[in-house]
>>> print(open('protein-v2.txt').read())   # compact mmCIF, C-alpha atoms
# COMPACT_ATOMS: atom_id res chain seq x y z
CA LEU N 1 -30.23 -60.03 -3.08
CA MET N 2 -31.24 -58.08 -6.20
CA PHE N 3 -33.88 -56.23 -4.14
CA ALA N 4 -31.28 -55.33 -1.53
CA ILE N 5 -28.90 -53.99 -4.20
CA PHE N 6 -31.69 -51.93 -5.77
CA CYS N 7 -32.59 -50.41 -2.39
CA SER N 8 -28.98 -49.59 -1.67
CA ILE N 9 -28.61 -47.76 -4.98
CA GLY N 10 -31.85 -45.88 -4.41
CA LEU N 11 -30.84 -44.73 -0.95
CA SER N 12 -27.39 -43.60 -2.04
CA ALA N 13 -28.96 -41.36 -4.67
CA GLN N 14 -30.80 -39.37 -2.01
CA PRO N 15 -29.05 -36.06 -1.24
CA ALA N 16 -27.63 -35.65 2.25
CA ILE N 17 -29.41 -32.71 3.91
CA ASP N 18 -28.96 -31.35 7.42
CA THR N 19 -31.38 -28.80 8.89
CA LEU N 20 -29.97 -26.57 11.62
CA THR N 21 -31.12 -23.62 13.69
CA TYR N 22 -28.91 -20.55 13.61
CA THR N 23 -28.72 -17.60 16.01
CA THR N 24 -27.92 -13.92 15.52
CA PRO N 25 -26.42 -12.84 18.88
CA GLN N 26 -24.10 -10.28 17.29
CA GLY N 27 -26.41 -9.35 14.42
CA LEU N 28 -24.72 -11.90 12.17
CA ILE N 29 -25.56 -15.53 11.39
CA VAL N 30 -23.93 -17.92 13.85
CA ILE N 31 -24.06 -21.68 13.22
CA GLN N 32 -22.80 -24.29 15.65
CA GLY N 33 -20.06 -26.42 14.12
CA LYS N 34 -17.11 -28.51 15.22
CA ILE N 35 -13.37 -28.21 14.80
CA ASN N 36 -11.37 -31.34 15.45
CA GLY N 37 -14.46 -32.68 17.22
CA ASN N 38 -14.78 -29.63 19.55
CA PRO N 39 -17.95 -27.48 19.46
CA VAL N 40 -17.25 -24.01 18.03
CA PRO N 41 -19.72 -21.25 17.07
CA MET N 42 -19.11 -20.14 13.48
CA VAL N 43 -19.98 -16.73 12.02
CA PHE N 44 -21.19 -17.28 8.44
CA ASP N 45 -19.30 -14.84 6.18
CA THR N 46 -19.59 -15.06 2.39
CA GLY N 47 -17.36 -11.99 2.10
CA ALA N 48 -14.33 -13.81 3.51
CA GLY N 49 -12.29 -15.88 1.09
CA LEU N 50 -10.66 -17.76 3.97
CA SER N 51 -11.92 -18.68 7.40
CA VAL N 52 -10.41 -16.80 10.35
CA SER N 53 -9.60 -18.32 13.73
CA ASN N 54 -8.15 -16.70 16.86
CA ASP N 55 -6.18 -17.73 19.94
CA SER N 56 -9.35 -18.55 21.89
CA VAL N 57 -10.60 -20.97 19.22
CA ASN N 58 -7.11 -22.33 18.57
CA ASN N 59 -6.75 -23.33 22.22
CA THR N 60 -10.30 -24.68 22.58
CA ALA N 61 -10.26 -26.71 19.38
CA ASP N 62 -6.64 -27.90 19.40
CA ILE N 63 -5.67 -26.01 16.24
CA LYS N 64 -1.96 -26.13 15.47
CA ASN N 65 0.27 -23.35 14.19
CA ILE N 66 2.11 -23.84 10.94
CA LYS N 67 5.11 -21.98 9.61
CA ALA N 68 3.18 -19.88 7.15
CA THR N 69 1.82 -16.36 6.84
CA ILE N 70 -0.58 -14.70 4.44
CA ASN N 71 -1.16 -11.12 3.35
CA VAL N 72 -4.73 -10.07 4.18
CA ARG N 73 -6.83 -7.00 3.49
CA ASP N 74 -9.93 -6.20 5.51
CA ALA N 75 -13.13 -4.27 4.78
CA ASN N 76 -11.38 -0.99 5.70
CA GLU N 77 -8.71 -1.68 3.06
CA GLN N 78 -6.12 -2.18 5.82
CA LYS N 79 -3.40 -4.67 4.99
CA THR N 80 -1.01 -6.81 7.01
CA SER N 81 0.69 -10.20 7.10
CA THR N 82 -0.90 -12.65 9.54
CA PRO N 83 -0.10 -16.22 10.67
CA MET N 84 -1.95 -19.24 9.33
CA VAL N 85 -3.02 -22.33 11.24
CA LYS N 86 -4.09 -25.78 10.13
CA VAL N 87 -7.55 -27.16 10.89
CA ASN N 88 -7.50 -30.92 10.57
CA ARG N 89 -11.29 -31.31 10.58
CA MET N 90 -14.01 -28.68 10.32
CA SER N 91 -17.66 -29.73 10.19
CA ILE N 92 -21.22 -28.49 10.32
CA GLY N 93 -23.70 -31.30 10.75
CA ARG N 94 -22.39 -34.27 8.80
CA PHE N 95 -20.42 -32.16 6.31
CA GLU N 96 -16.73 -32.26 7.07
CA ALA N 97 -13.77 -30.58 5.38
CA LYS N 98 -10.23 -31.68 6.15
CA ASN N 99 -6.82 -30.03 6.27
CA LEU N 100 -7.91 -26.42 5.90
CA LYS N 101 -5.29 -23.69 6.24
CA VAL N 102 -7.01 -20.68 7.79
CA VAL N 103 -6.01 -17.21 8.98
CA SER N 104 -5.37 -16.68 12.69
CA PHE N 105 -5.97 -13.17 14.03
CA ASP N 106 -7.39 -11.94 17.34
CA MET N 107 -10.25 -9.74 16.16
CA PRO N 108 -12.10 -8.73 19.38
CA PHE N 109 -15.52 -9.30 17.84
CA LEU N 110 -14.66 -12.97 17.25
CA ALA N 111 -12.39 -13.62 20.21
CA CYS N 112 -14.93 -12.27 22.71
CA TYR N 113 -17.45 -14.89 21.65
CA GLY N 114 -14.96 -17.70 21.04
CA SER N 115 -16.15 -17.78 17.43
CA LEU N 116 -14.55 -18.75 14.14
CA LEU N 117 -15.24 -16.66 11.06
CA LEU N 118 -16.49 -19.19 8.51
CA GLY N 119 -15.29 -18.20 5.05
CA GLN N 120 -15.79 -19.35 1.49
CA ASP N 121 -13.06 -21.98 1.82
CA TYR N 122 -15.72 -24.03 3.64
CA ILE N 123 -18.98 -22.36 2.57
CA ALA N 124 -18.36 -22.73 -1.18
CA ARG N 125 -17.96 -26.52 -0.90
CA TYR N 126 -21.67 -26.95 -0.14
CA ASN N 127 -25.17 -25.71 -0.85
CA TRP N 128 -27.19 -23.71 1.65
CA LYS N 129 -30.86 -22.79 2.01
CA PHE N 130 -31.76 -20.09 4.53
CA ASP N 131 -35.19 -19.56 6.03
CA PHE N 132 -34.76 -16.06 7.43
CA GLN N 133 -38.20 -15.99 9.03
CA ASN N 134 -37.58 -19.02 11.26
CA LYS N 135 -33.78 -18.81 11.49
CA LYS N 136 -33.26 -22.21 9.90
CA VAL N 137 -30.55 -23.27 7.48
CA MET N 138 -30.37 -26.42 5.38
CA LEU N 139 -27.02 -27.72 4.21
CA SER N 140 -26.44 -30.25 1.43
CA ASP N 141 -23.89 -31.63 -1.00
CA LYS N 142 -26.55 -31.39 -3.73
CA PRO N 143 -28.16 -28.18 -5.07
CA PHE N 144 -31.54 -27.12 -3.69
CA LEU N 145 -34.51 -26.67 -5.99
CA PRO N 146 -35.89 -23.12 -5.96
CA GLU N 147 -39.39 -22.59 -4.60
CA ASN N 148 -42.27 -21.40 -6.75
CA GLY N 149 -41.94 -17.67 -7.20
CA ALA N 150 -38.22 -17.61 -6.39
CA ASP N 151 -35.99 -15.30 -8.42
CA LYS N 152 -32.58 -16.33 -9.68
CA LEU N 153 -29.98 -13.70 -8.80
CA PRO N 154 -27.37 -12.63 -11.38
CA VAL N 155 -24.38 -13.89 -9.39
CA VAL N 156 -20.82 -14.76 -10.39
CA MET N 157 -18.04 -16.23 -8.27
CA LEU N 158 -14.85 -14.18 -8.24
CA LYS N 159 -11.82 -13.65 -6.02
CA ASN N 160 -11.46 -16.71 -3.78
CA GLN N 161 -14.91 -18.05 -4.72
CA ARG N 162 -16.67 -15.03 -3.24
CA PRO N 163 -20.13 -14.23 -4.69
CA PHE N 164 -20.75 -10.98 -6.58
CA LEU N 165 -24.24 -9.74 -7.43
CA THR N 166 -24.82 -7.68 -10.59
CA MET N 167 -27.10 -4.71 -9.91
CA GLN N 168 -27.98 -1.48 -11.68
CA LEU N 169 -28.40 1.69 -9.63
CA GLN N 170 -30.52 4.52 -11.04
CA GLY N 171 -29.76 3.79 -14.68
CA ASN N 172 -25.98 3.71 -14.25
CA GLU N 173 -23.93 0.92 -15.79
CA PRO N 174 -24.59 -2.44 -14.07
CA THR N 175 -21.87 -3.19 -11.54
CA GLN N 176 -20.86 -6.10 -9.34
CA TRP N 177 -21.48 -5.98 -5.59
CA LEU N 178 -19.90 -8.42 -3.16
CA ILE N 179 -22.51 -10.46 -1.24
CA ASP N 180 -21.06 -10.09 2.24
CA PHE N 181 -22.93 -11.89 5.03
CA GLY N 182 -20.22 -10.69 7.40
CA TYR N 183 -21.27 -7.08 6.85
CA ARG N 184 -23.82 -6.05 9.48
CA GLY N 185 -25.61 -3.60 7.23
CA TYR N 186 -27.45 -3.13 3.93
CA MET N 187 -25.21 -1.86 1.14
CA ASP N 188 -22.10 0.18 0.44
CA ILE N 189 -22.02 2.18 -2.78
CA ASP N 190 -18.69 2.20 -4.60
CA GLN N 191 -17.04 5.61 -4.94
CA THR N 192 -17.21 5.42 -8.73
CA LEU N 193 -21.02 5.63 -8.47
CA HIS N 194 -21.22 8.44 -5.91
CA SER N 195 -21.48 11.27 -8.43
CA GLY N 196 -24.32 9.48 -10.21
CA VAL N 197 -26.51 8.97 -7.14
CA THR N 198 -29.75 10.96 -7.03
CA PHE N 199 -30.96 11.67 -3.50
CA ASN N 200 -34.68 11.54 -2.79
CA PRO N 201 -35.56 14.38 -0.36
CA GLN N 202 -38.05 12.13 1.46
CA TYR N 203 -35.15 10.06 2.77
CA PRO N 204 -32.56 11.11 5.35
CA LYS N 205 -29.15 12.20 4.12
CA ALA N 206 -27.15 11.85 7.28
CA VAL N 207 -23.46 12.75 7.48
CA PHE N 208 -21.24 10.90 9.95
CA GLU N 209 -17.71 10.86 11.17
CA ALA N 210 -17.53 7.14 11.76
CA GLN N 211 -15.29 4.47 13.16
CA THR N 212 -15.76 1.26 11.23
CA ILE N 213 -14.56 -2.15 12.37
CA GLY N 214 -12.70 -4.58 10.14
CA LEU N 215 -10.70 -7.72 10.70
CA LEU N 216 -7.50 -5.78 11.37
CA GLY N 217 -9.03 -3.11 13.59
CA SER N 218 -10.95 0.13 13.29
CA ALA N 219 -10.63 2.93 10.77
CA LYS N 220 -11.82 6.52 10.93
CA LYS N 221 -14.18 7.68 8.19
CA ASP N 222 -15.02 11.34 7.57
CA ASN N 223 -18.13 12.40 5.66
CA LEU N 224 -19.72 8.97 5.56
CA ILE N 225 -23.24 9.49 4.17
CA LYS N 226 -26.13 7.27 5.23
CA THR N 227 -29.28 7.51 3.15
CA GLN N 228 -31.76 5.41 1.17
CA VAL N 229 -31.79 4.90 -2.58
CA ASP N 230 -34.50 4.24 -5.16
CA ASP N 231 -34.39 2.48 -8.51
CA LEU N 232 -32.02 -0.34 -7.67
CA LYS N 233 -32.52 -3.14 -10.20
CA VAL N 234 -31.66 -6.75 -9.40
CA GLY N 235 -32.58 -8.88 -12.39
CA LYS N 236 -36.32 -8.36 -12.91
CA VAL N 237 -36.86 -6.68 -9.55
CA GLN N 238 -36.80 -2.97 -8.74
CA LEU N 239 -36.00 -2.02 -5.15
CA ASN N 240 -36.84 1.36 -3.63
CA GLY N 241 -35.94 2.91 -0.29
CA ILE N 242 -32.93 0.67 0.34
CA PRO N 243 -30.57 1.90 3.11
CA ALA N 244 -27.16 2.66 1.68
CA ASP N 245 -23.79 4.03 2.76
CA LEU N 246 -21.70 6.29 0.56
CA ASP N 247 -18.15 5.82 1.77
CA SER N 248 -15.22 7.14 -0.23
CA GLY N 249 -13.00 4.26 0.91
CA ALA N 250 -15.42 1.35 0.54
CA SER N 251 -15.94 -1.10 -2.28
CA ALA N 252 -19.41 -2.06 -3.48
CA LYS N 253 -21.09 -4.69 -1.33
CA VAL N 254 -24.47 -5.82 -0.03
CA GLY N 255 -24.71 -6.99 3.55
CA LEU N 256 -26.70 -9.51 5.53
CA TYR N 257 -29.61 -7.17 6.29
CA PHE N 258 -30.16 -6.51 2.59
CA PHE N 259 -31.32 -10.12 2.39
CA THR N 260 -32.86 -10.75 5.82
CA ASP N 261 -35.05 -7.62 5.61
CA LEU N 262 -36.02 -7.94 1.94
CA CYS N 263 -36.25 -11.72 1.49
CA ASN N 264 -38.07 -14.61 3.15
CA SER N 265 -35.55 -17.21 2.03
CA MET N 266 -32.34 -17.58 0.06
CA ILE N 267 -30.58 -20.48 -1.68
CA LEU N 268 -26.81 -20.53 -2.21
CA ASN N 269 -26.10 -23.38 -4.64
CA HIS N 270 -22.34 -23.38 -4.92
CA THR N 271 -22.11 -26.63 -6.87
CA THR N 272 -24.02 -24.97 -9.72
CA GLY N 273 -23.07 -21.34 -9.06
CA GLU N 274 -26.73 -20.29 -8.70
CA TYR N 275 -28.35 -18.13 -6.02
CA PHE N 276 -32.12 -17.72 -5.55
CA VAL N 277 -34.29 -15.55 -3.29
CA THR N 278 -37.97 -15.22 -2.47
CA TRP N 279 -38.79 -11.55 -1.94
CA LYS N 280 -41.01 -10.29 0.88
CA GLU N 281 -44.33 -8.70 0.03
CA ASN N 282 -44.03 -6.22 2.88
CA PRO N 283 -40.35 -5.60 3.67
CA ALA N 284 -39.32 -3.47 6.63
CA ILE N 285 -36.07 -2.05 7.98
CA SER N 286 -35.07 -3.84 11.18
CA LEU N 287 -31.57 -2.48 11.81
CA GLY N 288 -31.41 0.91 13.48
CA PHE N 289 -28.36 3.15 13.32
CA PHE N 290 -27.68 5.50 16.22
CA ASP N 291 -26.50 9.09 15.81
CA ALA N 292 -23.55 8.38 18.11
CA SER N 293 -21.73 5.28 19.29
CA PRO N 294 -18.78 4.91 21.68
CA SER N 295 -15.83 2.65 20.99
CA TRP N 296 -13.62 0.89 23.52
CA GLU N 297 -10.16 2.44 23.51
CA ALA N 298 -7.55 1.65 26.15
CA GLY N 299 -10.14 0.95 28.82
CA LYS N 300 -12.29 3.99 28.07
CA LEU N 301 -15.49 4.59 26.09
CA ILE N 302 -14.79 7.27 23.51
CA ILE N 303 -17.15 8.55 20.84
CA GLY N 304 -15.95 6.97 17.61
CA THR N 305 -19.06 7.50 15.48
CA ARG N 306 -21.10 10.70 15.48
CA ARG N 307 -23.70 12.19 13.16
CA THR N 308 -22.63 15.73 12.28
CA ASP N 309 -25.40 17.25 10.12
CA SER N 310 -27.96 19.72 11.47
CA LEU N 311 -30.67 17.07 11.99
CA SER N 312 -28.49 15.00 14.30
CA THR N 313 -29.75 14.40 17.84
CA VAL N 314 -26.15 14.93 19.02
CA ALA N 315 -25.10 17.79 16.74
CA ASN N 316 -23.41 19.62 19.65
CA MET N 317 -21.57 16.57 21.00
CA PRO N 318 -17.78 17.07 20.92
CA SER N 319 -15.82 14.80 18.63
CA GLY N 320 -13.87 12.20 20.59
CA MET N 321 -15.83 12.81 23.80
CA VAL N 322 -14.98 10.49 26.69
CA VAL N 323 -18.19 8.87 27.94
CA GLU N 324 -18.63 8.67 31.72
CA LYS N 325 -22.10 7.09 31.83
CA VAL N 326 -24.28 5.01 29.50
CA ASN N 327 -27.98 4.99 30.39
CA GLY N 328 -26.99 6.15 33.86
CA ASN N 329 -24.49 3.32 34.36
CA PRO N 330 -20.83 4.26 34.93
CA ALA N 331 -18.64 3.54 31.94
CA ALA N 332 -16.28 1.81 34.37
CA SER N 333 -18.97 -0.85 34.94
CA PHE N 334 -18.06 -2.22 31.51
CA THR N 335 -15.04 -4.14 32.68
CA SER N 336 -13.66 -5.20 29.31
CA GLU N 337 -14.04 -4.66 25.59
CA CYS N 338 -15.94 -7.96 25.41
CA ASN N 339 -18.33 -6.78 28.13
CA TRP N 340 -18.96 -3.54 26.23
CA LEU N 341 -19.46 -5.29 22.87
CA SER N 342 -21.94 -7.69 24.43
CA TRP N 343 -24.05 -4.81 25.77
CA ARG N 344 -23.83 -2.69 22.62
CA LEU N 345 -24.75 -5.47 20.21
CA SER N 346 -27.65 -6.72 22.31
CA PHE N 347 -29.18 -3.32 23.11
CA ALA N 348 -32.61 -3.14 21.49
CA GLY N 349 -33.81 0.32 22.54
CA LYS N 350 -34.65 3.15 20.15
CA THR N 351 -32.70 5.76 22.16
CA TYR N 352 -30.09 5.78 24.88
CA THR N 353 -28.30 8.40 26.96
CA LEU N 354 -24.63 9.26 27.13
CA GLU N 355 -23.06 11.51 29.73
CA SER N 356 -19.74 13.32 29.52
CA GLY N 357 -17.30 14.05 32.33
CA ASN N 358 -18.77 17.50 32.95
CA GLY N 359 -22.26 16.06 33.45
CA GLN N 360 -23.62 16.98 30.01
CA GLN N 361 -26.24 14.44 28.92
CA TYR N 362 -27.13 13.52 25.36
CA THR N 363 -30.16 11.52 24.27
CA VAL N 364 -28.97 9.61 21.22
CA GLY N 365 -31.63 8.91 18.58
CA GLN N 366 -31.69 6.70 15.53
CA LEU N 367 -31.70 7.43 11.83
CA PRO N 368 -35.38 7.54 10.72
CA TYR N 369 -35.40 5.04 7.85
CA ALA N 370 -38.49 4.95 5.63
CA THR N 371 -40.17 1.67 4.62
CA PRO N 372 -38.66 0.11 1.46
CA SER N 373 -40.63 -1.40 -1.40
CA ILE N 374 -40.11 -4.20 -3.92
CA LYS N 375 -41.54 -4.11 -7.43
CA LEU N 376 -41.49 -7.35 -9.38
CA GLN N 377 -41.28 -6.92 -13.15
CA ARG N 378 -42.41 -10.31 -14.43
>>> encode(input="protein-v2.txt", output="structure tokens")
Amino acid sequence: LMFAIFCSIGLSAQPAIDTLTYTTPQGLIVIQGKINGNPVPMVFDTGAGLSVSNDSVNNTADIKNIKATINVRDANEQKTSTPMVKVNRMSIGRFEAKNLKVVSFDMPFLACYGSLLLGQDYIARYNWKFDFQNKKVMLSDKPFLPENGADKLPVVMLKNQRPFLTMQLQGNEPTQWLIDFGYRGYMDIDQTLHSGVTFNPQYPKAVFEAQTIGLLGSAKKDNLIKTQVDDLKVGKVQLNGIPADLDSGASAKVGLYFFTDLCNSMILNHTTGEYFVTWKENPAISLGFFDASPSWEAGKLIIGTRRTDSLSTVANMPSGMVVEKVNGNPAASFTSECNWLSWRLSFAGKTYTLESGNGQQYTVGQLPYATPSIKLQR
């Protein structure tokens, strides 16, 4: 009996760990979970304080409406009041949270894939270890031990338990940048730092009129600058050649590709408030950005994002052009916004062609990003 009791105590002390495979069908991390026992794909988003459902998920997973609303603000600084719903049980692997009140809003990006946006209301309850090379994630109720050679990131939890990373850009005062896994990009530089940014002539300095997508819809951005920056310090590490956006309306944040392209692995220990990364020896930029991109508007494909500087491959493309063909295929062959998003987010080519109503063709190229580098200062 004493032996049995000893074994029971020993087993209970072992941390519960689940190892899962994740996918990136929309360029973001998607983990299979369950809501009220129903399978639901979940988009992992550290930048969201609350999880976000939609009518598709609500119906599939038997999520009930409640008489409550919440004021929300998205990445484009748009604000509105949205309904809330109650999730009785939400789980990934064996880790289940109960009675969560989440936002309900039909964002096309999520509704098209029947996905829930998984926010910090669930994420921050647990500890996560990502293997970006093999697309594996480990989940536990106990903190993970960092690997040999891992660096601890200077992270603090603020504003609905969202993680903020302290970084210093080109000798300016250190500032806090939201770690936003729901941002399909590298980094946005806060407007307060714009005047202090030194541009390296070896990198592109591309100017865009852009349509950016947030939870509450799209927003038009004029004079959005895409470039790369040197001398970005994160703790004891100096990063050079990091893709960055200078957007007058954006707050400072680092996106998913900042980590997947620069790091082999990452630990998010929420029970201790500690984040760790292992940096790549030979990082490379994997996310291309096209000089022009159509958006779905009222059943038509209309140019919403266009590079406007003299080095653009579409410098003479009219703003707001209606697209009649994409790679020779009629725009009408994209039968819905979901159909268009699926094609656009899965397209892996380096160039593609757009054709206007008068037969004018444009070969759309990508921004020529240079290879970044990482300098460890031990």
>>> residues_around(input="protein-v2.txt", residues="Asp230 (chain N)", least_positions_apart="4", cutoff="9 Å", atoms="all atoms listed in the file", output="JSON, numbers by chain")
{"N": [169, 170, 198, 199, 200, 238, 239, 240, 241, 242, 372]}
>>> residues_around(input="protein-v2.txt", residues="Met187 (chain N)", least_positions_apart="6", cutoff="12 Å", atoms="only C-alpha atoms", output="ChimeraX atom specification")
/N:165,167,169,177-181,225-229,232,241-247,250-259
>>> residues_around(input="protein-v2.txt", residues="Ser293 (chain N)", least_positions_apart="2", cutoff="8 Å", atoms="all atoms listed in the file", output="list in words")
Phe290, Asp291, Ser295, Ile303, Gly304, Thr305 and Arg306 of chain N
>>> atom_distance(input="protein-v2.txt", atom1="CA of Glu337 (chain N)", atom2="CA of Asp106 (chain N)")
12.9 Å
>>> residues_around(input="protein-v2.txt", residues="region 17-20 of chain N", least_positions_apart="2", cutoff="6 Å", atoms="all atoms listed in the file", output="list of chain:residue names")
N:Lys136, N:Val137, N:Met138, N:Leu139, N:Ser140
>>> atom_distance(input="protein-v2.txt", atom1="CA of Gly349 (chain N)", atom2="CA of Gly288 (chain N)")
9.4 Å
>>> residues_near_point(input="protein-v2.txt", point="(-20.8, 3.3, 20.6)", cutoff="12 Å", atoms="only C-alpha atoms", output="PyMOL selection string")
chain N and resi 210-213+289-297+300-307+320-323+325-326+331+337+340-345+347+352-354+364
>>> residues_around(input="protein-v2.txt", residues="region 58-70 of chain N", least_positions_apart="4", cutoff="12 Å", atoms="only C-alpha atoms", output="MDAnalysis selection string")
chainID N and resid 33:41 50 52:54 79:90 99:106 111 114:116
>>> atom_distance(input="protein-v2.txt", atom1="CA of Gly196 (chain N)", atom2="CA of Glu173 (chain N)")
10.2 Å
>>> closest_residue(input="protein-v2.txt", among="N:Ala206, N:Met266, N:Ile31, N:Met42", to="Trp128 (chain N)", atoms="all atoms listed in the file")
N:Met266
>>> axis_aligned_box(input="protein-v2.txt", around="region 125-137 of chain N", padding_each_side="5 Å", output="lines of an AutoDock Vina configuration file")
center_x = -28.1
center_y = -21.5
center_z = 5.3
size_x = 30.2
size_y = 21.0
size_z = 22.4
